[in-house]
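Next comes upload17.txt, with compact mmCIF, C-alpha atoms.
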# COMPACT_ATOMS: atom_id res chain seq x y z
CA MET A 1202 0.00 0.00 0.00
CA LEU A 1203 2.80 2.43 0.90
CA SER A 1204 4.76 1.76 -2.29
CA TYR A 1205 1.59 2.17 -4.36
CA SER A 1206 0.85 5.50 -2.66
CA ILE A 1207 4.36 6.75 -3.38
CA LYS A 1208 4.07 5.71 -7.03
CA ARG A 1209 0.72 7.47 -7.37
CA ILE A 1210 2.10 10.64 -5.77
CA LEU A 1211 5.08 10.66 -8.15
CA TYR A 1212 2.74 10.00 -11.06
CA SER A 1213 0.50 12.84 -9.92
CA ILE A 1214 3.45 15.24 -9.95
CA TRP A 1215 3.79 14.70 -13.72
CA ILE A 1216 0.07 15.30 -14.17
CA LEU A 1217 0.33 18.50 -12.16
CA LEU A 1218 3.28 19.68 -14.26
CA GLY A 1219 1.24 19.04 -17.41
CA ILE A 1220 -1.65 21.06 -16.00
CA LEU A 1221 0.81 23.80 -15.04
CA LEU A 1222 2.10 23.91 -18.64
CA ILE A 1223 -1.42 24.13 -20.07
CA THR A 1224 -2.47 26.89 -17.67
CA PHE A 1225 0.79 28.72 -18.38
CA LEU A 1226 0.11 28.67 -22.12
CA LEU A 1227 -3.49 29.76 -21.60
CA PHE A 1228 -2.90 32.57 -19.11
CA ARG A 1229 0.47 33.87 -20.29
CA VAL A 1230 0.46 33.27 -24.06
CA ALA A 1231 -3.21 33.40 -25.07
CA ALA A 1232 -4.25 36.08 -22.55
CA GLY A 1233 -1.39 38.43 -23.45
CA ASP A 1234 0.36 41.08 -21.39
CA PRO A 1235 -1.62 42.06 -18.24
CA THR A 1236 0.04 45.49 -17.91
CA ALA A 1237 -2.64 47.15 -20.04
CA ILE A 1238 -5.33 45.95 -17.61
CA LEU A 1239 -3.48 47.30 -14.60
CA LEU A 1240 -2.29 50.64 -15.94
CA GLY A 1241 -5.41 51.62 -17.87
CA LYS A 1242 -5.31 54.18 -20.65
CA ASN A 1243 -2.23 56.18 -21.68
CA PRO A 1244 0.39 54.83 -19.26
CA THR A 1245 3.90 56.19 -19.54
CA PRO A 1246 6.56 53.90 -21.04
CA GLN A 1247 8.41 53.89 -17.73
CA ASP A 1248 5.28 52.76 -15.87
CA VAL A 1249 4.85 49.93 -18.40
CA GLU A 1250 8.49 48.93 -17.98
CA GLN A 1251 8.27 48.89 -14.18
CA MET A 1252 5.02 46.93 -14.21
CA ARG A 1253 6.45 44.32 -16.59
CA ASP A 1254 9.49 43.95 -14.37
CA ALA A 1255 7.24 43.47 -11.33
CA LEU A 1256 5.02 40.89 -13.06
CA GLY A 1257 7.75 39.22 -15.10
CA SER A 1258 5.60 39.52 -18.24
CA GLY A 1259 8.45 40.99 -20.28
CA LYS A 1260 10.69 37.94 -19.81
CA PRO A 1261 11.09 35.28 -22.53
CA LEU A 1262 8.55 32.46 -22.40
CA PHE A 1263 10.92 29.53 -21.82
CA PHE A 1264 14.51 30.60 -22.53
CA GLY A 1265 16.19 33.67 -23.92
CA HIS A 1266 18.86 36.31 -23.57
CA TRP A 1267 16.57 39.29 -24.24
CA CYS A 1268 13.46 40.85 -22.68
CA LYS A 1269 10.90 43.39 -23.82
CA THR A 1270 11.68 47.04 -23.13
CA GLU A 1271 9.91 50.38 -23.52
CA LEU A 1272 13.14 52.38 -23.47
CA TYR A 1273 12.43 53.24 -27.11
CA THR A 1274 9.17 52.80 -28.99
CA SER A 1275 8.90 49.53 -30.94
CA ALA A 1276 6.65 49.56 -34.00
CA ASP A 1277 5.08 47.27 -36.58
CA PHE A 1278 4.80 49.28 -39.80
CA THR A 1279 2.64 46.82 -41.75
CA GLY A 1280 -1.06 47.51 -42.31
CA LYS A 1281 -0.79 51.06 -43.78
CA HIS A 1282 -0.90 52.87 -40.44
CA SER A 1283 -0.48 56.62 -40.68
CA GLU A 1284 0.69 57.46 -37.15
CA PHE A 1285 3.24 55.90 -34.83
CA PRO A 1286 3.30 57.68 -31.45
CA GLY A 1287 6.78 58.14 -30.07
CA ILE A 1288 8.48 58.08 -33.49
CA GLU A 1289 9.18 61.13 -35.65
CA LEU A 1290 8.89 60.20 -39.35
CA THR A 1291 10.23 62.29 -42.24
CA ASN A 1292 9.91 61.50 -45.99
CA VAL A 1293 8.35 58.07 -45.59
CA THR A 1294 5.26 56.41 -47.10
CA ALA A 1295 3.14 53.90 -45.17
CA GLU A 1296 1.97 50.92 -47.27
CA GLU A 1297 0.43 47.54 -46.52
CA ASP A 1298 3.77 45.71 -46.55
CA GLY A 1299 5.58 48.27 -44.41
CA LEU A 1300 7.20 51.68 -44.37
CA HIS A 1301 8.72 52.79 -47.69
CA LEU A 1302 11.68 55.11 -47.27
CA ASN A 1303 12.20 58.05 -49.61
CA SER A 1304 15.32 60.11 -50.17
CA GLY A 1305 16.26 62.14 -47.12
CA CYS A 1306 14.04 60.05 -44.81
CA LYS A 1307 14.52 59.95 -41.09
CA LEU A 1308 13.10 57.89 -38.24
CA VAL A 1309 13.85 59.54 -34.91
CA PHE A 1310 13.32 57.60 -31.63
CA GLN A 1311 13.38 59.52 -28.35
CA ARG A 1312 14.60 57.70 -25.26
CA HIS A 1313 11.75 57.58 -22.73
CA PHE A 1314 13.75 57.15 -19.52
CA ALA A 1315 17.23 56.42 -18.24
CA PRO A 1316 18.25 52.78 -18.76
CA ALA A 1317 19.16 50.47 -15.91
CA SER A 1318 22.87 50.07 -15.38
CA GLY A 1319 24.45 46.94 -16.83
CA ARG A 1320 21.58 46.17 -19.20
CA LYS A 1321 22.43 46.07 -22.91
CA ILE A 1322 19.95 47.20 -25.56
CA ARG A 1323 19.38 45.34 -28.84
CA LEU A 1324 17.75 46.83 -31.93
CA THR A 1325 16.06 44.45 -34.42
CA VAL A 1326 14.94 45.58 -37.88
CA CYS A 1327 12.88 43.63 -40.45
CA GLY A 1328 12.72 44.69 -44.10
CA ASN A 1329 14.88 45.35 -47.16
CA ALA A 1330 17.19 48.35 -46.89
CA LEU A 1331 20.70 49.52 -46.16
CA LEU A 1332 20.24 51.64 -43.07
CA LYS A 1333 22.33 54.04 -41.11
CA ILE A 1334 21.68 53.95 -37.34
CA ASN A 1335 23.40 57.01 -35.90
CA GLU A 1336 26.92 56.17 -37.14
CA THR A 1337 26.43 52.41 -37.67
CA VAL A 1338 25.51 50.93 -41.08
CA LEU A 1339 23.08 47.98 -40.93
CA ASN A 1340 22.33 45.80 -43.96
CA VAL A 1341 18.76 44.50 -43.78
CA MET A 1342 17.96 42.22 -46.74
CA GLY A 1343 14.73 40.24 -46.42
CA LYS A 1344 15.27 39.08 -42.87
CA SER A 1345 15.51 40.21 -39.28
CA VAL A 1346 18.84 41.79 -38.42
CA SER A 1347 19.83 42.71 -34.90
CA VAL A 1348 22.54 44.98 -33.54
CA GLU A 1349 23.56 45.79 -29.98
CA LEU A 1350 23.77 49.50 -29.29
CA GLU A 1351 27.13 50.60 -27.99
CA ASP A 1352 25.47 53.31 -25.94
CA VAL A 1353 21.91 54.36 -25.28
CA PRO A 1354 21.58 57.90 -26.63
CA GLU A 1355 18.67 60.16 -25.83
CA THR A 1356 17.92 60.41 -29.55
CA LEU A 1357 18.29 57.46 -31.93
CA GLU A 1358 18.16 58.34 -35.63
CA ILE A 1359 17.67 55.86 -38.47
CA SER A 1360 18.08 56.88 -42.11
CA LEU A 1361 18.93 55.38 -45.49
CA ALA A 1362 22.54 54.78 -46.40
CA GLU A 1363 23.63 56.57 -49.55
CA ASN A 1364 23.98 53.47 -51.78
CA SER A 1365 20.81 51.66 -50.60
CA GLU A 1366 18.75 50.19 -53.44
CA ASP A 1367 15.89 48.58 -51.45
CA ARG A 1368 13.96 51.02 -49.26
CA MET A 1369 11.40 49.28 -47.04
CA ILE A 1370 11.23 48.28 -43.39
CA SER A 1371 8.32 46.36 -41.83
CA GLU A 1372 9.18 46.29 -38.14
CA ILE A 1373 11.54 47.78 -35.58
CA SER A 1374 11.79 46.45 -32.04
CA PHE A 1375 13.95 47.12 -28.99
CA GLU A 1376 14.92 44.63 -26.27
CA LYS A 1377 17.05 44.69 -23.14
CA SER A 1378 19.43 41.96 -22.00
CA ASN A 1379 18.22 39.21 -19.69
CA PRO A 1380 20.77 38.66 -16.87
CA THR A 1381 20.06 34.91 -16.82
CA PRO A 1382 18.72 33.16 -19.94
CA PHE A 1383 16.82 30.63 -17.80
CA ASP A 1384 15.02 33.44 -15.98
CA SER A 1385 11.76 33.12 -17.92
CA GLN A 1386 8.00 33.24 -17.52
CA ALA A 1387 7.89 29.43 -17.46
CA LEU A 1388 10.34 29.35 -14.54
CA ASP A 1389 8.21 31.91 -12.68
CA ALA A 1390 5.17 29.69 -13.24
CA LEU A 1391 7.04 26.70 -11.80
CA LYS A 1392 8.09 28.75 -8.77
CA GLU A 1393 4.43 29.38 -8.06
CA LEU A 1394 4.14 25.71 -7.09
CA VAL A 1395 7.39 25.22 -5.21
CA VAL A 1396 10.50 27.30 -4.55
CA PHE A 1397 13.59 26.39 -2.53
CA ARG A 1398 15.10 28.90 -0.12
CA SER A 1399 18.40 29.22 1.71
CA THR A 1400 16.67 29.84 5.06
CA PHE A 1401 14.18 27.84 7.12
CA PRO A 1402 11.78 26.26 6.15
CA TYR A 1403 13.96 25.94 2.99
CA VAL A 1404 11.00 25.16 0.75
CA SER A 1405 7.82 27.10 0.08
CA PHE A 1406 4.72 25.95 -1.79
CA PHE A 1407 1.95 27.72 -3.70
CA ASN A 1408 3.54 31.15 -4.06
CA PHE A 1409 1.07 32.57 -6.56
CA GLY A 1410 2.19 36.16 -6.14
CA ASN A 1411 -0.24 39.03 -5.69
CA THR A 1412 -3.58 39.91 -7.21
CA LEU A 1413 -3.49 42.31 -10.12
CA LEU A 1414 -5.68 45.08 -8.71
CA THR A 1415 -5.31 45.06 -4.91
CA ARG A 1416 -1.79 43.51 -4.89
CA GLU A 1417 -2.89 41.30 -1.98
CA PRO A 1418 -1.10 37.93 -1.68
CA ILE A 1419 -3.13 35.34 -3.59
CA ARG A 1420 -2.27 32.59 -1.12
CA ALA A 1421 -3.81 34.65 1.71
CA LYS A 1422 -7.00 35.14 -0.28
CA LEU A 1423 -7.19 31.42 -1.05
CA LEU A 1424 -6.79 30.47 2.61
CA ARG A 1425 -9.37 33.03 3.63
CA GLY A 1426 -11.88 31.86 1.04
CA MET A 1427 -11.33 28.15 1.68
CA VAL A 1428 -13.24 28.12 4.99
CA PRO A 1429 -16.58 29.45 3.62
CA SER A 1430 -16.30 27.13 0.61
CA LEU A 1431 -15.72 24.07 2.81
CA VAL A 1432 -18.61 25.09 5.07
CA ILE A 1433 -20.85 25.02 1.98
CA MET A 1434 -19.33 22.13 0.02
CA ILE A 1435 -18.94 19.49 2.76
CA PRO A 1436 -22.62 19.51 3.90
CA ILE A 1437 -23.74 19.49 0.26
CA PHE A 1438 -21.51 16.52 -0.50
CA ILE A 1439 -22.63 14.56 2.56
CA GLY A 1440 -26.29 15.46 2.00
CA GLU A 1441 -26.21 14.44 -1.67
CA LEU A 1442 -24.56 11.14 -0.79
CA VAL A 1443 -26.80 10.23 2.16
CA PHE A 1444 -30.13 11.26 0.62
CA GLY A 1445 -29.18 9.80 -2.74
CA VAL A 1446 -28.28 6.40 -1.27
CA ILE A 1447 -31.29 6.26 1.05
CA LEU A 1448 -33.82 7.22 -1.63
CA ALA A 1449 -32.19 4.82 -4.10
CA LEU A 1450 -32.41 1.97 -1.57
CA ILE A 1451 -36.09 2.75 -0.93
CA SER A 1452 -36.77 2.90 -4.66
CA CYS A 1453 -34.96 -0.41 -5.16
CA ALA A 1454 -36.80 -2.10 -2.29
CA PHE A 1455 -40.18 -0.98 -3.69
CA ARG A 1456 -39.27 -1.21 -7.37
CA ASP A 1457 -42.08 -1.19 -9.94
CA THR A 1458 -44.47 0.35 -7.40
CA LEU A 1459 -46.01 3.82 -7.20
CA LEU A 1460 -43.39 4.87 -4.63
CA ASP A 1461 -40.57 3.79 -6.94
CA ARG A 1462 -42.06 5.65 -9.91
CA THR A 1463 -42.63 8.78 -7.80
CA ILE A 1464 -38.99 8.83 -6.65
CA VAL A 1465 -37.79 8.33 -10.23
CA VAL A 1466 -40.02 11.15 -11.53
CA PHE A 1467 -38.78 13.59 -8.91
CA SER A 1468 -35.20 12.51 -9.56
CA VAL A 1469 -35.49 13.20 -13.28
CA ALA A 1470 -37.19 16.53 -12.52
CA GLY A 1471 -34.35 17.47 -10.20
CA MET A 1472 -31.81 16.61 -12.89
CA SER A 1473 -33.69 18.65 -15.50
CA ILE A 1474 -34.02 21.91 -13.58
CA SER A 1475 -31.13 24.29 -14.14
CA TYR A 1476 -28.97 25.07 -11.12
CA LEU A 1477 -29.40 28.77 -11.83
CA VAL A 1478 -33.21 28.49 -11.97
CA LEU A 1479 -33.22 26.52 -8.71
CA ILE A 1480 -31.15 29.20 -6.96
CA ILE A 1481 -33.36 32.06 -8.16
CA LEU A 1482 -36.55 30.16 -7.26
CA GLY A 1483 -35.21 29.26 -3.82
CA GLN A 1484 -34.16 32.85 -3.11
CA TRP A 1485 -37.54 34.23 -4.18
CA PHE A 1486 -39.84 31.67 -2.52
CA LEU A 1487 -37.96 30.52 0.59
CA ALA A 1488 -35.94 33.64 1.39
CA TYR A 1489 -37.99 36.57 0.06
CA TYR A 1490 -41.61 35.37 0.02
CA LEU A 1491 -41.61 33.11 3.10
CA ASN A 1492 -38.75 34.97 4.83
CA LEU A 1493 -37.28 31.73 6.16
CA PHE A 1494 -33.65 32.48 5.28
CA PRO A 1495 -31.48 35.50 4.51
CA VAL A 1496 -31.16 36.29 0.81
CA TRP A 1497 -27.60 37.58 1.10
CA GLY A 1498 -24.75 37.57 3.60
CA TRP A 1499 -22.31 35.57 5.66
CA ASP A 1500 -22.90 36.64 9.24
CA SER A 1501 -24.95 33.78 10.76
CA PRO A 1502 -25.52 30.02 10.38
CA ARG A 1503 -28.89 30.79 8.76
CA CYS A 1504 -26.99 32.22 5.79
CA VAL A 1505 -25.53 28.77 5.11
CA ALA A 1506 -28.77 26.79 5.34
CA LEU A 1507 -30.44 27.87 2.08
CA PRO A 1508 -27.36 27.41 -0.18
CA VAL A 1509 -26.80 23.95 1.33
CA ILE A 1510 -30.45 22.95 0.84
CA LEU A 1511 -30.42 24.09 -2.78
CA GLY A 1512 -27.12 22.32 -3.44
CA ILE A 1513 -28.43 19.06 -1.99
CA ILE A 1514 -31.67 19.30 -4.01
CA SER A 1515 -29.73 19.96 -7.21
CA GLY A 1516 -27.37 17.00 -6.80
CA THR A 1517 -29.67 14.39 -5.24
CA GLY A 1518 -31.65 13.73 -8.44
CA SER A 1519 -28.72 12.46 -10.50
CA GLY A 1520 -27.40 10.57 -7.46
CA VAL A 1521 -30.67 8.70 -6.96
CA ARG A 1522 -30.79 7.70 -10.62
CA PHE A 1523 -27.22 6.41 -10.55
CA TYR A 1524 -27.44 4.55 -7.23
CA ARG A 1525 -30.81 3.02 -8.12
CA THR A 1526 -29.35 1.55 -11.30
CA VAL A 1527 -26.39 0.14 -9.35
CA PHE A 1528 -28.61 -1.36 -6.65
CA ILE A 1529 -31.05 -2.97 -9.11
CA ASP A 1530 -28.16 -4.51 -11.02
CA GLU A 1531 -26.65 -5.78 -7.75
CA ILE A 1532 -29.88 -7.16 -6.29
CA ARG A 1533 -30.19 -9.77 -9.05
CA LYS A 1534 -26.97 -11.52 -7.94
CA GLU A 1535 -26.93 -14.91 -6.21
CA TYR A 1536 -25.50 -13.85 -2.84
CA LEU A 1537 -28.55 -11.65 -2.15
CA ARG A 1538 -30.91 -14.47 -3.07
CA THR A 1539 -29.00 -16.73 -0.69
CA ALA A 1540 -29.20 -14.16 2.11
CA LEU A 1541 -32.94 -13.74 1.49
CA SER A 1542 -33.53 -17.50 1.55
CA LYS A 1543 -31.70 -17.74 4.89
CA GLY A 1544 -34.16 -15.30 6.39
CA ALA A 1545 -32.18 -12.05 6.34
CA SER A 1546 -34.34 -9.08 7.29
CA PRO A 1547 -34.95 -6.32 4.68
CA VAL A 1548 -32.84 -3.90 6.71
CA ARG A 1549 -29.90 -6.32 6.78
CA LEU A 1550 -30.44 -7.37 3.17
CA TYR A 1551 -30.43 -3.85 1.75
CA GLY A 1552 -28.51 -1.92 4.38
CA VAL A 1553 -25.66 -4.40 4.87
CA HIS A 1554 -25.30 -6.96 2.08
CA LEU A 1555 -26.44 -4.82 -0.86
CA LEU A 1556 -24.88 -1.56 0.27
CA ARG A 1557 -21.52 -3.12 1.16
CA ASN A 1558 -21.10 -4.73 -2.26
CA ALA A 1559 -22.18 -1.57 -4.07
CA LEU A 1560 -19.58 0.64 -2.34
CA ILE A 1561 -17.18 0.55 -5.30
CA PRO A 1562 -19.49 2.42 -7.74
CA ILE A 1563 -20.65 4.68 -4.89
CA LEU A 1564 -17.04 5.67 -4.18
CA THR A 1565 -16.40 6.13 -7.89
CA ARG A 1566 -19.28 8.56 -8.30
CA ALA A 1567 -18.40 10.40 -5.08
CA SER A 1568 -14.82 10.89 -6.29
CA THR A 1569 -16.04 12.43 -9.55
CA VAL A 1570 -18.73 14.61 -7.96
CA LEU A 1571 -16.65 16.13 -5.14
CA PRO A 1572 -14.21 18.17 -7.29
CA PHE A 1573 -17.09 19.55 -9.38
CA LEU A 1574 -18.88 20.82 -6.27
CA PHE A 1575 -16.41 23.68 -6.52
CA THR A 1576 -18.00 24.64 -9.86
CA GLY A 1577 -21.41 24.66 -8.22
CA SER A 1578 -20.11 26.87 -5.43
CA LEU A 1579 -19.31 29.52 -8.05
CA LEU A 1580 -23.03 30.16 -8.53
CA LEU A 1581 -24.08 29.63 -4.92
CA GLU A 1582 -21.44 31.93 -3.46
CA SER A 1583 -22.02 34.60 -6.09
CA PHE A 1584 -25.80 34.69 -5.64
CA PHE A 1585 -25.71 34.51 -1.84
CA GLY A 1586 -22.70 36.76 -1.19
CA ILE A 1587 -20.61 34.06 0.48
CA PRO A 1588 -16.90 35.07 0.42
CA GLY A 1589 -15.56 31.67 -0.62
CA LEU A 1590 -13.36 30.47 -3.46
CA GLY A 1591 -16.23 30.54 -5.94
CA TYR A 1592 -17.00 34.15 -5.06
CA GLU A 1593 -13.33 35.05 -5.45
CA GLY A 1594 -13.26 33.25 -8.80
CA VAL A 1595 -16.17 35.27 -10.18
CA ASN A 1596 -14.59 38.53 -8.96
CA ALA A 1597 -11.27 37.55 -10.54
CA LEU A 1598 -13.04 36.79 -13.81
CA ASN A 1599 -14.83 40.14 -13.81
CA SER A 1600 -11.62 42.04 -13.07
CA SER A 1601 -9.46 39.92 -15.44
CA ASP A 1602 -7.23 38.87 -12.53
CA LEU A 1603 -5.38 36.13 -14.39
CA GLY A 1604 -3.12 35.27 -11.45
CA MET A 1605 -6.07 34.51 -9.18
CA LEU A 1606 -7.83 32.50 -11.91
CA LYS A 1607 -4.71 30.46 -12.55
CA ALA A 1608 -4.32 29.75 -8.84
CA LEU A 1609 -7.93 28.53 -8.66
CA VAL A 1610 -7.39 26.26 -11.69
CA LEU A 1611 -4.29 24.71 -10.10
CA LEU A 1612 -6.09 24.34 -6.78
CA GLY A 1613 -8.93 22.49 -8.52
CA ALA A 1614 -6.41 20.22 -10.24
CA LEU A 1615 -4.73 19.42 -6.91
CA LEU A 1616 -8.12 18.63 -5.40
CA PHE A 1617 -9.01 16.30 -8.25
CA ILE A 1618 -5.65 14.47 -8.08
CA ALA A 1619 -5.83 14.05 -4.29
CA ILE A 1620 -9.40 12.76 -4.35
CA ASN A 1621 -8.60 10.20 -7.04
CA LEU A 1622 -5.61 8.95 -5.04
CA ILE A 1623 -7.71 8.61 -1.87
CA THR A 1624 -10.47 6.83 -3.83
CA ASP A 1625 -8.05 4.25 -5.23
CA LEU A 1626 -6.80 3.49 -1.72
CA LEU A 1627 -10.37 3.20 -0.42
CA TYR A 1628 -11.15 0.61 -3.11
CA ALA A 1629 -8.72 -1.81 -1.48
CA TRP A 1630 -10.13 -1.04 1.95
CA VAL A 1631 -13.81 -1.66 1.12
CA ASP A 1632 -13.14 -4.67 -1.12
CA PRO A 1633 -10.25 -6.99 -0.08
CA ARG A 1634 -10.37 -8.63 -3.51
CA ILE A 1635 -8.84 -5.49 -5.02
CA ARG A 1636 -5.09 -5.24 -4.82
CA VAL A 1637 -3.13 -2.03 -5.32
CA GLU A 1638 0.20 -2.51 -7.03
Take the structure I supplied and represent it as structure tokens, if you would.
Amino acid sequence: MLSYSIKRILYSIWILLGILLITFLLFRVAAGDPTAILLGKNPTPQDVEQMRDALGSGKPLFFGHWCKTELYTSADFTGKHSEFPGIELTNVTAEEDGLHLNSGCKLVFQRHFAPASGRKIRLTVCGNALLKINETVLNVMGKSVSVELEDVPETLEISLAENSEDRMISEISFEKSNPTPFDSQALDALKELVVFRSTFPYVSFFNFGNTLLTREPIRAKLLRGMVPSLVIMIPIFIGELVFGVILALISCAFRDTLLDRTIVVFSVAGMSISYLVLIILGQWFLAYYLNLFPVWGWDSPRCVALPVILGIISGTGSGVRFYRTVFIDEIRKEYLRTALSKGASPVRLYGVHLLRNALIPILTRASTVLPFLFTGSLLLESFFGIPGLGYEGVNALNSSDLGMLKALVLLGALLFIAINLITDLLYAWVDPRIRVE
């Protein structure tokens, strides 16, 4: 059992790394640079530079010697744009394929702020031209050509060399040197899970950084929101399981009767009603019309009762249908007929023999339902004002707080992996015929 647990934990680490890679690609590559969300309209280049340095969003994705910089204005000249803020253009023509340079043309770049000491600056040009950059001649012929600037002048001037035949550039970009090529966004994402330190406790887990807007530590918000979520999720999980099993046993014991058909009808109805409709109906009828529960808040145990009741009602229908099918399939087996012929009481027949041998599918469904209760808490906590993880997730989504969303995704993945490991170990405990290897 111990060796199997160790193997599963090591195997789960690879799964978690795969999830980390997927979330990294989704939140860093597909979502883009978060500095625009934080700084709003018209930020200064120095503010953008400082924010990128704080977030690490200017670093290379996996490996690289260069980072983004706003020291000078980078520009993509394709698309027939007429204006390029931060660049003074003289005797040029903007076309679809790029910027066409005429005789006597000039591109003047003003330095936005003083560069950091020890950081080199690289200029990259795409196009077809023989250019003169201050006093340096750069031959750009159908490919990207880069040059490191010897110094960082306040004014950088680009013009055509005298004997240049081709006269078009499509893009100009500036980058600053990366002190360590392995210092990348991917490494920062890995450090969010685990980082080793030189002082006690020498290792730290789940360092997700700070939220984008309030700059509050994400780990503190997760710990604070975990208690309300558990207060909601655990009673819902236990209630769904207990009521689902009991009603399924009753339906199985009285199968093909009016009671059985009534339970099945209500189960199907419960599965068919949308979770959102059930929440709104419960708030209006039970909380507003009958005034039995608070509609909103988190200041008394009564605030928990209605969300828990609605969560149990929503999940019990599908549970009854599943458990009833399992019990009916199990009740046809020979060992139950033998127990019945030996005079076993209905309580012992259904509550002991049948239930014990149906624990494997019950555990299987419980292990798949429990992680997804977190998804249900998104709606419950949002509609009832409960400051749990679901409530924080909705707020992070509304404010485009990608760091908080990524932390919630990884937390859900950890929950799913842990529950599956525990379920596999419980299989061997409830059924000695199963061996874990």
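Within the 8 Å cut-off around Ile1563 in chain A, using only C-alpha atoms and omitting residues fewer than 4 positions from it on the same chain, the listed residues are Tyr1524, Ala1559 and Ala1567 of chain A.
Residue neighbourhood of Lys1392 in chain A, excluding near-sequence residues (fewer than 6 positions): A:Leu1218, A:Leu1221, A:Asp1384, A:Ser1385, A:Gln1386, A:Arg1398, A:Val1404, A:Ser1405, A:Phe1406, A:Phe1407, A:Asn1408, A:Phe1409, A:Gly1410, at 12 Å, using only C-alpha atoms.
Neighbourhood of point (3.9, 46.3, -42.1): residues with an atom at most 6 Å away, counting all atoms listed in the file, are A:Asp1277, A:Phe1278, A:Thr1279, A:Gly1280, A:Glu1297, A:Asp1298, A:Gly1299, A:Ser1371.
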Please list, as a PDB file with C-alpha atoms, keeping the file's coordinate frame, the residues that have an atom at most 8 Å away from (12.1, 56.1, -46.1) in the coordinates of this file, counting all atoms listed in the file.
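So the final result, stored in part06.pdb, reads:
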ATOM      1  CA  THR A1291      10.230  62.290 -42.240  1.00  0.00           C
ATOM      2  CA  ASN A1292       9.910  61.500 -45.990  1.00  0.00           C
ATOM      3  CA  VAL A1293       8.350  58.070 -45.590  1.00  0.00           C
ATOM      4  CA  THR A1294       5.260  56.410 -47.100  1.00  0.00           C
ATOM      5  CA  LEU A1300       7.200  51.680 -44.370  1.00  0.00           C
ATOM      6  CA  HIS A1301       8.720  52.790 -47.690  1.00  0.00           C
ATOM      7  CA  LEU A1302      11.680  55.110 -47.270  1.00  0.00           C
ATOM      8  CA  ASN A1303      12.200  58.050 -49.610  1.00  0.00           C
ATOM      9  CA  SER A1304      15.320  60.110 -50.170  1.00  0.00           C
ATOM     10  CA  GLY A1305      16.260  62.140 -47.120  1.00  0.00           C
ATOM     11  CA  CYS A1306      14.040  60.050 -44.810  1.00  0.00           C
ATOM     12  CA  LYS A1307      14.520  59.950 -41.090  1.00  0.00           C
ATOM     13  CA  SER A1360      18.080  56.880 -42.110  1.00  0.00           C
ATOM     14  CA  LEU A1361      18.930  55.380 -45.490  1.00  0.00           C
ATOM     15  CA  ARG A1368      13.960  51.020 -49.260  1.00  0.00           C
ATOM     16  CA  MET A1369      11.400  49.280 -47.040  1.00  0.00           C
TER      17      MET A1369
END
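For the choices A:Cys1453, A:Leu1556, A:Leu1431, A:Ile1419, the atom-to-atom distance to Gly1591 in chain A is smallest for A:Leu1431 when using only C-alpha atoms.
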Find the smallest box with edges along x, y and z containing every listed atom of range 1371-1379 of chain A, then add 8 Å on each side and report centre and edge lengths in Å to one decimal, as AutoDock Vina command-line options.
--center_x 13.9 --center_y 43.5 --center_z -30.8 --size_x 27.1 --size_y 24.6 --size_z 38.1
What is the distance between CA of Asp1389 in chain A and CA of Ile1216 in chain A, in Å to one decimal? 18.6 Å
Which is closer to Leu1424 in chain A than all the others in A:Glu1271, A:Glu1593, A:Glu1363, A:Glu1376, using only C-alpha atoms? A:Glu1593
Complete range 1508-1517 of chain A with N, CA and C atoms (output as a PDB file, in the coordinates of the input).
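New file out_38.pdb:
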ATOM      1  N   PRO A1508     -28.259  27.926   0.855  1.00  0.00           N
ATOM      2  CA  PRO A1508     -27.360  27.410  -0.180  1.00  0.00           C
ATOM      3  C   PRO A1508     -27.126  25.903  -0.078  1.00  0.00           C
ATOM      4  N   VAL A1509     -27.002  25.393   1.157  1.00  0.00           N
ATOM      5  CA  VAL A1509     -26.800  23.950   1.330  1.00  0.00           C
ATOM      6  C   VAL A1509     -28.028  23.167   0.876  1.00  0.00           C
ATOM      7  N   ILE A1510     -29.223  23.642   1.241  1.00  0.00           N
ATOM      8  CA  ILE A1510     -30.450  22.950   0.840  1.00  0.00           C
ATOM      9  C   ILE A1510     -30.577  22.911  -0.684  1.00  0.00           C
ATOM     10  N   LEU A1511     -30.314  24.042  -1.328  1.00  0.00           N
ATOM     11  CA  LEU A1511     -30.420  24.090  -2.780  1.00  0.00           C
ATOM     12  C   LEU A1511     -29.362  23.217  -3.443  1.00  0.00           C
ATOM     13  N   GLY A1512     -28.163  23.181  -2.873  1.00  0.00           N
ATOM     14  CA  GLY A1512     -27.120  22.320  -3.440  1.00  0.00           C
ATOM     15  C   GLY A1512     -27.451  20.847  -3.313  1.00  0.00           C
ATOM     16  N   ILE A1513     -28.034  20.459  -2.188  1.00  0.00           N
ATOM     17  CA  ILE A1513     -28.430  19.060  -1.990  1.00  0.00           C
ATOM     18  C   ILE A1513     -29.558  18.691  -2.957  1.00  0.00           C
ATOM     19  N   ILE A1514     -30.549  19.576  -3.102  1.00  0.00           N
ATOM     20  CA  ILE A1514     -31.670  19.300  -4.010  1.00  0.00           C
ATOM     21  C   ILE A1514     -31.163  19.151  -5.439  1.00  0.00           C
ATOM     22  N   SER A1515     -30.232  20.000  -5.841  1.00  0.00           N
ATOM     23  CA  SER A1515     -29.730  19.960  -7.210  1.00  0.00           C
ATOM     24  C   SER A1515     -28.958  18.674  -7.510  1.00  0.00           C
ATOM     25  N   GLY A1516     -28.206  18.172  -6.537  1.00  0.00           N
ATOM     26  CA  GLY A1516     -27.370  17.000  -6.800  1.00  0.00           C
ATOM     27  C   GLY A1516     -27.989  15.673  -6.471  1.00  0.00           C
ATOM     28  N   THR A1517     -29.078  15.666  -5.675  1.00  0.00           N
ATOM     29  CA  THR A1517     -29.670  14.390  -5.240  1.00  0.00           C
ATOM     30  C   THR A1517     -30.331  13.656  -6.398  1.00  0.00           C
TER      31      THR A1517
END
